[in-house]
2 protein chains.
Amino acid sequence: MTEKAFQEHYPDEFANCYGCGRLNEHGLQIKSYWDGDETVCHFTPDSKYTGGFPGFLYGGMIASLIDCHGAATASAAKARAEGKPISRFVTASLKVDFRAPTPINTELTIRGKATEIKGRKVLVDLTLTACGKLCAEGSAVMVQIPDGPGPLPEKK
Amino acid sequence: MTEKAFQEHYPDEFANCYGCGRLNEHGLQIKSYWDGDETVCHFTPDSKYTGGFPGFLYGGMIASLIDCHGAATASAAKARAEGKPISRFVTASLKVDFRAPTPINTELTIRGKATEIKGRKVLVDLTLTACGKLCAEGSAVMVQIPDGPGPLPEKK
């Protein structure tokens, strides 16, 4: 893919997230792109992120990937809907259902779809698959950060 | 506290989780204990785990702490209810509501309470606070791994 990832468009002051910040040298630096009306992210976690069960990924990493790709999906969907540049979203609520063990040392595919855009709030549904097999499903409520690096608003 | 953490009782083959495995030298190695009828975990995340918003923790780490402490709470509650040794639980479903930004470089307190024990399934409610302020709430469905290191069952 030659287009820039959504995360490449994040303002510098919001680009340090451990999961998706391009400026966090210790982080995962996941990258998200459009694929038709859906979004897609491919990622192969390091084997140190093993879960309680040997050979499988830990749940926190699965939640992280769904969370960060969900925020990116909300950013891109809002930008596309309004014809504006990408802005930054944070998570208000995240739900992950673990459907099957997720292998480590395997490329994972995380897909997202914005199901509703309502003002600063975007709802996103997500899946995480390994070798075509569904391992986890997620849903998230994402909220757009107001312009500028002011204090983050409290969420209700 | 002088008692051993719940995670110290996990069988070696289930003690490599990035979040809570005592044998994962790269991991967070969180520790969970009883505090009356609740469970508690204190943890100060490294500053590399910053979120999209400067100075605050990334959502994936918050989900990880709630997830791993939730699994430990389920393990301990099941063991206490049955008068048996601690066994290992994995996550079937996790929900996290982010109520306020979570500061980095601050000790976090994660509290859990088992609200229902039904066979191999335990429901857990959780909170994450910083300096007494509620930052996130979680709820999880945890499932006990059958005895022995056989293949992890599919979850429906």
# chains A, B, ... in the order shown; residues from 1 in each chain; ligands from 1
$ closest_atom_pairs --of "chain A" --to "chain B" --cutoff "6 Å" --atoms "only C-alpha atoms" --output "Markdown table"
| residue | atom | partner | partner_atom | distance |
| --- | --- | --- | --- | --- |
| A:Phe14 | CA | B:Gly52 | CA | 4.6 |
| A:Ala15 | CA | B:Gly52 | CA | 5.9 |
| A:Asn16 | CA | B:Gly52 | CA | 5.7 |
| A:Cys17 | CA | B:Gly51 | CA | 4.1 |
| A:Tyr18 | CA | B:Tyr49 | CA | 5.1 |
| A:Tyr49 | CA | B:Tyr18 | CA | 5.1 |
| A:Thr50 | CA | B:Cys17 | CA | 5.3 |
| A:Gly51 | CA | B:Cys17 | CA | 4.1 |
| A:Gly52 | CA | B:Cys17 | CA | 4.4 |
| A:Phe53 | CA | B:Phe14 | CA | 5.3 |
| A:Gly60 | CA | B:Ser64 | CA | 4.0 |
| A:Ser64 | CA | B:Gly60 | CA | 4.0 |
| A:Ala92 | CA | B:Phe98 | CA | 5.1 |
| A:Ser93 | CA | B:Asp97 | CA | 4.4 |
| A:Leu94 | CA | B:Val96 | CA | 5.2 |
| A:Lys95 | CA | B:Lys95 | CA | 4.2 |
| A:Val96 | CA | B:Leu94 | CA | 5.2 |
| A:Asp97 | CA | B:Ser93 | CA | 4.4 |
| A:Phe98 | CA | B:Ala92 | CA | 5.1 |
| A:Arg99 | CA | B:Lys155 | CA | 5.4 |
| A:Ala100 | CA | B:Glu154 | CA | 5.3 |
| A:Glu154 | CA | B:Ala100 | CA | 5.3 |
| A:Lys155 | CA | B:Arg99 | CA | 5.4 |
$ write_last_selection --atoms "N, CA and C atoms" --output "PDB file, in the first residue's frame"
ATOM      1  N   PHE A  14      -0.030  14.257  19.625  1.00  0.00           N
ATOM      2  CA  PHE A  14      -0.887  13.094  19.913  1.00  0.00           C
ATOM      3  C   PHE A  14      -0.317  11.822  19.273  1.00  0.00           C
ATOM      4  N   ALA A  15       0.971  11.809  18.981  1.00  0.00           N
ATOM      5  CA  ALA A  15       1.569  10.701  18.217  1.00  0.00           C
ATOM      6  C   ALA A  15       2.560   9.901  19.051  1.00  0.00           C
ATOM      7  N   ASN A  16       2.335   9.868  20.387  1.00  0.00           N
ATOM      8  CA  ASN A  16       3.260   9.145  21.260  1.00  0.00           C
ATOM      9  C   ASN A  16       2.636   7.924  21.919  1.00  0.00           C
ATOM     10  N   CYS A  17       1.453   7.535  21.495  1.00  0.00           N
ATOM     11  CA  CYS A  17       0.778   6.385  22.111  1.00  0.00           C
ATOM     12  C   CYS A  17       1.624   5.125  21.957  1.00  0.00           C
ATOM     13  N   TYR A  18       1.692   4.338  23.039  1.00  0.00           N
ATOM     14  CA  TYR A  18       2.455   3.079  22.994  1.00  0.00           C
ATOM     15  C   TYR A  18       1.909   2.141  21.919  1.00  0.00           C
ATOM     16  N   TYR A  49       4.938 -11.030  24.172  1.00  0.00           N
ATOM     17  CA  TYR A  49       3.560 -10.703  24.572  1.00  0.00           C
ATOM     18  C   TYR A  49       2.706 -11.948  24.727  1.00  0.00           C
ATOM     19  N   THR A  50       3.308 -13.026  25.147  1.00  0.00           N
ATOM     20  CA  THR A  50       2.580 -14.273  25.355  1.00  0.00           C
ATOM     21  C   THR A  50       1.528 -14.121  26.461  1.00  0.00           C
ATOM     22  N   GLY A  51       0.489 -14.923  26.368  1.00  0.00           N
ATOM     23  CA  GLY A  51      -0.555 -14.906  27.381  1.00  0.00           C
ATOM     24  C   GLY A  51      -0.297 -15.933  28.463  1.00  0.00           C
ATOM     25  N   GLY A  52      -1.312 -16.140  29.304  1.00  0.00           N
ATOM     26  CA  GLY A  52      -1.183 -17.117  30.368  1.00  0.00           C
ATOM     27  C   GLY A  52      -1.031 -18.524  29.819  1.00  0.00           C
ATOM     28  N   PHE A  53      -1.617 -18.737  28.651  1.00  0.00           N
ATOM     29  CA  PHE A  53      -1.545 -20.053  28.028  1.00  0.00           C
ATOM     30  C   PHE A  53      -0.411 -20.051  27.006  1.00  0.00           C
ATOM     31  N   GLY A  60      -4.383  -8.520  26.968  1.00  0.00           N
ATOM     32  CA  GLY A  60      -4.138  -7.086  26.975  1.00  0.00           C
ATOM     33  C   GLY A  60      -3.659  -6.583  25.621  1.00  0.00           C
ATOM     34  N   SER A  64      -5.436  -3.996  23.180  1.00  0.00           N
ATOM     35  CA  SER A  64      -4.679  -2.825  22.715  1.00  0.00           C
ATOM     36  C   SER A  64      -4.820  -2.635  21.212  1.00  0.00           C
ATOM     37  N   ALA A  92     -13.785   6.069  24.808  1.00  0.00           N
ATOM     38  CA  ALA A  92     -14.688   6.236  25.947  1.00  0.00           C
ATOM     39  C   ALA A  92     -15.060   4.877  26.525  1.00  0.00           C
ATOM     40  N   SER A  93     -15.254   3.883  25.652  1.00  0.00           N
ATOM     41  CA  SER A  93     -15.665   2.562  26.105  1.00  0.00           C
ATOM     42  C   SER A  93     -15.183   1.506  25.105  1.00  0.00           C
ATOM     43  N   LEU A  94     -14.751   0.392  25.640  1.00  0.00           N
ATOM     44  CA  LEU A  94     -14.191  -0.680  24.804  1.00  0.00           C
ATOM     45  C   LEU A  94     -14.709  -2.016  25.303  1.00  0.00           C
ATOM     46  N   LYS A  95     -15.206  -2.841  24.389  1.00  0.00           N
ATOM     47  CA  LYS A  95     -15.622  -4.201  24.767  1.00  0.00           C
ATOM     48  C   LYS A  95     -14.939  -5.181  23.835  1.00  0.00           C
ATOM     49  N   VAL A  96     -14.370  -6.214  24.411  1.00  0.00           N
ATOM     50  CA  VAL A  96     -13.691  -7.240  23.621  1.00  0.00           C
ATOM     51  C   VAL A  96     -14.242  -8.607  24.018  1.00  0.00           C
ATOM     52  N   ASP A  97     -14.685  -9.371  23.024  1.00  0.00           N
ATOM     53  CA  ASP A  97     -15.083 -10.768  23.254  1.00  0.00           C
ATOM     54  C   ASP A  97     -14.036 -11.670  22.628  1.00  0.00           C
ATOM     55  N   PHE A  98     -13.460 -12.520  23.448  1.00  0.00           N
ATOM     56  CA  PHE A  98     -12.390 -13.403  23.003  1.00  0.00           C
ATOM     57  C   PHE A  98     -13.027 -14.704  22.529  1.00  0.00           C
ATOM     58  N   ARG A  99     -12.941 -14.966  21.236  1.00  0.00           N
ATOM     59  CA  ARG A  99     -13.660 -16.090  20.642  1.00  0.00           C
ATOM     60  C   ARG A  99     -12.822 -17.344  20.521  1.00  0.00           C
ATOM     61  N   ALA A 100     -11.521 -17.181  20.369  1.00  0.00           N
ATOM     62  CA  ALA A 100     -10.627 -18.341  20.242  1.00  0.00           C
ATOM     63  C   ALA A 100      -9.225 -17.876  20.600  1.00  0.00           C
ATOM     64  N   GLU A 154     -13.192  15.527  30.657  1.00  0.00           N
ATOM     65  CA  GLU A 154     -13.726  14.378  31.390  1.00  0.00           C
ATOM     66  C   GLU A 154     -14.768  13.710  30.520  1.00  0.00           C
ATOM     67  N   LYS A 155     -14.840  12.381  30.596  1.00  0.00           N
ATOM     68  CA  LYS A 155     -15.863  11.671  29.831  1.00  0.00           C
ATOM     69  C   LYS A 155     -16.912  11.126  30.767  1.00  0.00           C
TER      70      LYS A 155
END
$ residues_around --residues "A:Phe43" --least-positions-apart "5" --cutoff "7 Å" --atoms "only C-alpha atoms" --output "ChimeraX atom specification"
/A:30,107-109
$ atom_distance --atom1 "atom CA of A:Arg111" --atom2 "atom CA of A:Ala79"
17.9 Å
$ residues_around --residues "B:Ser75" --least-positions-apart "6" --cutoff "9 Å" --atoms "only C-alpha atoms" --output "JSON, numbers by chain"
{"B": [6, 86, 87, 88, 89, 122, 142, 144]}
$ select_by_dssp --residues "chain B" --states "helix (DSSP H, G or I)" --output "number ranges by chain"
B: 6-9, 12-14, 47-49, 59-82
$ write_last_selection --atoms "N, CA and C atoms" --output "compact mmCIF listing (two decimals), in the first residue's frame"
# COMPACT_ATOMS: atom_id res chain seq x y z
N PHE B 6 -1.52 -13.75 44.26
CA PHE B 6 -2.25 -14.82 43.55
C PHE B 6 -1.38 -15.39 42.42
N GLN B 7 -0.69 -14.50 41.74
CA GLN B 7 0.09 -14.93 40.56
C GLN B 7 1.26 -15.85 40.94
N GLU B 8 1.68 -15.79 42.21
CA GLU B 8 2.76 -16.68 42.65
C GLU B 8 2.29 -18.14 42.72
N HIS B 9 0.98 -18.30 42.73
CA HIS B 9 0.42 -19.66 42.81
C HIS B 9 0.12 -20.26 41.43
N ASP B 12 3.62 -23.13 36.67
CA ASP B 12 4.68 -22.56 35.83
C ASP B 12 4.27 -22.42 34.36
N GLU B 13 3.55 -23.41 33.84
CA GLU B 13 3.23 -23.37 32.41
C GLU B 13 2.21 -22.27 32.06
N PHE B 14 1.59 -21.70 33.10
CA PHE B 14 0.64 -20.60 32.87
C PHE B 14 1.16 -19.29 33.47
N SER B 47 6.80 5.13 31.91
CA SER B 47 6.33 6.29 31.12
C SER B 47 6.28 6.01 29.62
N LYS B 48 6.92 4.93 29.16
CA LYS B 48 6.82 4.62 27.73
C LYS B 48 5.40 4.23 27.32
N TYR B 49 4.58 3.87 28.30
CA TYR B 49 3.21 3.45 28.00
C TYR B 49 2.25 4.64 27.90
N GLY B 59 -4.78 3.49 26.55
CA GLY B 59 -5.93 2.67 26.90
C GLY B 59 -5.63 1.18 26.94
N GLY B 60 -4.72 0.74 26.09
CA GLY B 60 -4.38 -0.68 26.07
C GLY B 60 -3.78 -1.15 27.38
N MET B 61 -2.99 -0.28 28.02
CA MET B 61 -2.42 -0.66 29.32
C MET B 61 -3.50 -0.71 30.39
N ILE B 62 -4.43 0.22 30.34
CA ILE B 62 -5.53 0.22 31.30
C ILE B 62 -6.34 -1.08 31.14
N ALA B 63 -6.64 -1.43 29.90
CA ALA B 63 -7.36 -2.68 29.64
C ALA B 63 -6.56 -3.88 30.12
N SER B 64 -5.24 -3.85 29.92
CA SER B 64 -4.38 -4.96 30.34
C SER B 64 -4.41 -5.16 31.85
N LEU B 65 -4.31 -4.05 32.58
CA LEU B 65 -4.29 -4.15 34.05
C LEU B 65 -5.62 -4.68 34.57
N ILE B 66 -6.71 -4.18 33.99
CA ILE B 66 -8.04 -4.64 34.41
C ILE B 66 -8.22 -6.10 34.02
N ASP B 67 -7.73 -6.48 32.86
CA ASP B 67 -7.85 -7.87 32.39
C ASP B 67 -7.08 -8.83 33.29
N CYS B 68 -5.79 -8.55 33.50
CA CYS B 68 -4.97 -9.49 34.28
C CYS B 68 -5.38 -9.53 35.75
N HIS B 69 -5.71 -8.37 36.32
CA HIS B 69 -6.17 -8.40 37.71
C HIS B 69 -7.54 -9.07 37.81
N GLY B 70 -8.34 -8.94 36.77
CA GLY B 70 -9.63 -9.62 36.74
C GLY B 70 -9.48 -11.13 36.72
N ALA B 71 -8.52 -11.62 35.93
CA ALA B 71 -8.28 -13.07 35.88
C ALA B 71 -7.79 -13.57 37.24
N ALA B 72 -6.92 -12.78 37.87
CA ALA B 72 -6.41 -13.16 39.19
C ALA B 72 -7.53 -13.17 40.23
N THR B 73 -8.41 -12.20 40.14
CA THR B 73 -9.55 -12.12 41.07
C THR B 73 -10.46 -13.34 40.92
N ALA B 74 -10.70 -13.72 39.69
CA ALA B 74 -11.52 -14.91 39.44
C ALA B 74 -10.86 -16.16 40.02
N SER B 75 -9.55 -16.28 39.80
CA SER B 75 -8.81 -17.44 40.33
C SER B 75 -8.92 -17.52 41.84
N ALA B 76 -8.71 -16.38 42.49
CA ALA B 76 -8.70 -16.36 43.95
C ALA B 76 -10.10 -16.58 44.51
N ALA B 77 -11.11 -15.99 43.88
CA ALA B 77 -12.48 -16.12 44.38
C ALA B 77 -12.97 -17.56 44.25
N LYS B 78 -12.64 -18.19 43.14
CA LYS B 78 -13.04 -19.60 42.93
C LYS B 78 -12.34 -20.49 43.96
N ALA B 79 -11.06 -20.22 44.19
CA ALA B 79 -10.30 -21.03 45.15
C ALA B 79 -10.86 -20.86 46.57
N ARG B 80 -11.16 -19.61 46.93
CA ARG B 80 -11.69 -19.35 48.27
C ARG B 80 -13.06 -20.00 48.44
N ALA B 81 -13.90 -19.91 47.41
CA ALA B 81 -15.26 -20.45 47.50
C ALA B 81 -15.25 -21.96 47.66
N GLU B 82 -14.25 -22.61 47.06
CA GLU B 82 -14.23 -24.08 47.07
C GLU B 82 -13.21 -24.66 48.03
$ atom_distance --atom1 "atom CA of B:Ile110" --atom2 "atom CA of B:Gly36"
14.4 Å
$ select_by_dssp --residues "stretch 118-147 of chain A" --states "strand (DSSP E)" --output "short mmCIF file (atom, residue, chain, number, x, y, z; two decimals) with N, CA and C atoms, in the first residue's frame"
data_model
loop_
_atom_site.label_atom_id
_atom_site.label_comp_id
_atom_site.auth_asym_id
_atom_site.auth_seq_id
_atom_site.Cartn_x
_atom_site.Cartn_y
_atom_site.Cartn_z
N LYS A 118 -21.84 10.50 15.29
CA LYS A 118 -22.82 11.43 15.90
C LYS A 118 -22.04 12.52 16.61
N LYS A 121 -18.74 11.85 18.58
CA LYS A 121 -18.72 10.44 18.97
C LYS A 121 -18.84 9.52 17.75
N VAL A 122 -17.99 8.51 17.69
CA VAL A 122 -18.04 7.53 16.60
C VAL A 122 -18.05 6.12 17.21
N LEU A 123 -18.99 5.29 16.76
CA LEU A 123 -19.04 3.89 17.19
C LEU A 123 -18.33 3.02 16.16
N VAL A 124 -17.55 2.08 16.64
CA VAL A 124 -16.75 1.23 15.75
C VAL A 124 -16.91 -0.24 16.15
N ASP A 125 -17.13 -1.09 15.16
CA ASP A 125 -17.10 -2.55 15.36
C ASP A 125 -15.82 -3.10 14.76
N LEU A 126 -15.24 -4.10 15.42
CA LEU A 126 -13.93 -4.60 14.99
C LEU A 126 -13.85 -6.12 15.09
N THR A 127 -12.97 -6.69 14.28
CA THR A 127 -12.63 -8.10 14.40
C THR A 127 -11.12 -8.26 14.39
N LEU A 128 -10.67 -9.32 15.01
CA LEU A 128 -9.25 -9.69 14.96
C LEU A 128 -9.17 -11.14 14.51
N THR A 129 -8.47 -11.38 13.41
CA THR A 129 -8.35 -12.73 12.87
C THR A 129 -6.89 -13.12 12.72
N ALA A 130 -6.64 -14.42 12.74
CA ALA A 130 -5.30 -14.98 12.48
C ALA A 130 -5.47 -16.09 11.46
N LYS A 133 -9.00 -17.01 10.70
CA LYS A 133 -9.87 -17.49 11.78
C LYS A 133 -10.18 -16.36 12.76
N LEU A 134 -11.46 -16.22 13.10
CA LEU A 134 -11.86 -15.18 14.04
C LEU A 134 -11.36 -15.51 15.45
N CYS A 135 -10.59 -14.59 16.03
CA CYS A 135 -10.07 -14.79 17.39
C CYS A 135 -10.73 -13.87 18.40
N ALA A 136 -11.11 -12.66 17.97
CA ALA A 136 -11.73 -11.72 18.91
C ALA A 136 -12.61 -10.75 18.15
N GLU A 137 -13.65 -10.29 18.82
CA GLU A 137 -14.51 -9.23 18.29
C GLU A 137 -14.52 -8.07 19.28
N GLY A 138 -14.60 -6.87 18.74
CA GLY A 138 -14.60 -5.71 19.61
C GLY A 138 -15.63 -4.69 19.20
N SER A 139 -16.03 -3.86 20.15
CA SER A 139 -16.84 -2.68 19.83
C SER A 139 -16.36 -1.55 20.72
N ALA A 140 -16.35 -0.35 20.16
CA ALA A 140 -15.78 0.77 20.89
C ALA A 140 -16.58 2.03 20.65
N VAL A 141 -16.60 2.87 21.67
CA VAL A 141 -17.13 4.23 21.56
C VAL A 141 -15.94 5.17 21.60
N MET A 142 -15.73 5.89 20.51
CA MET A 142 -14.57 6.78 20.40
C MET A 142 -15.04 8.23 20.41
N VAL A 143 -14.26 9.10 21.04
CA VAL A 143 -14.63 10.51 21.16
C VAL A 143 -13.50 11.38 20.63
N GLN A 144 -13.87 12.32 19.78
CA GLN A 144 -12.90 13.22 19.15
C GLN A 144 -12.34 14.21 20.18
#
$ atom_distance --atom1 "atom CA of A:Gly112" --atom2 "atom CA of A:Glu38"
5.7 Å
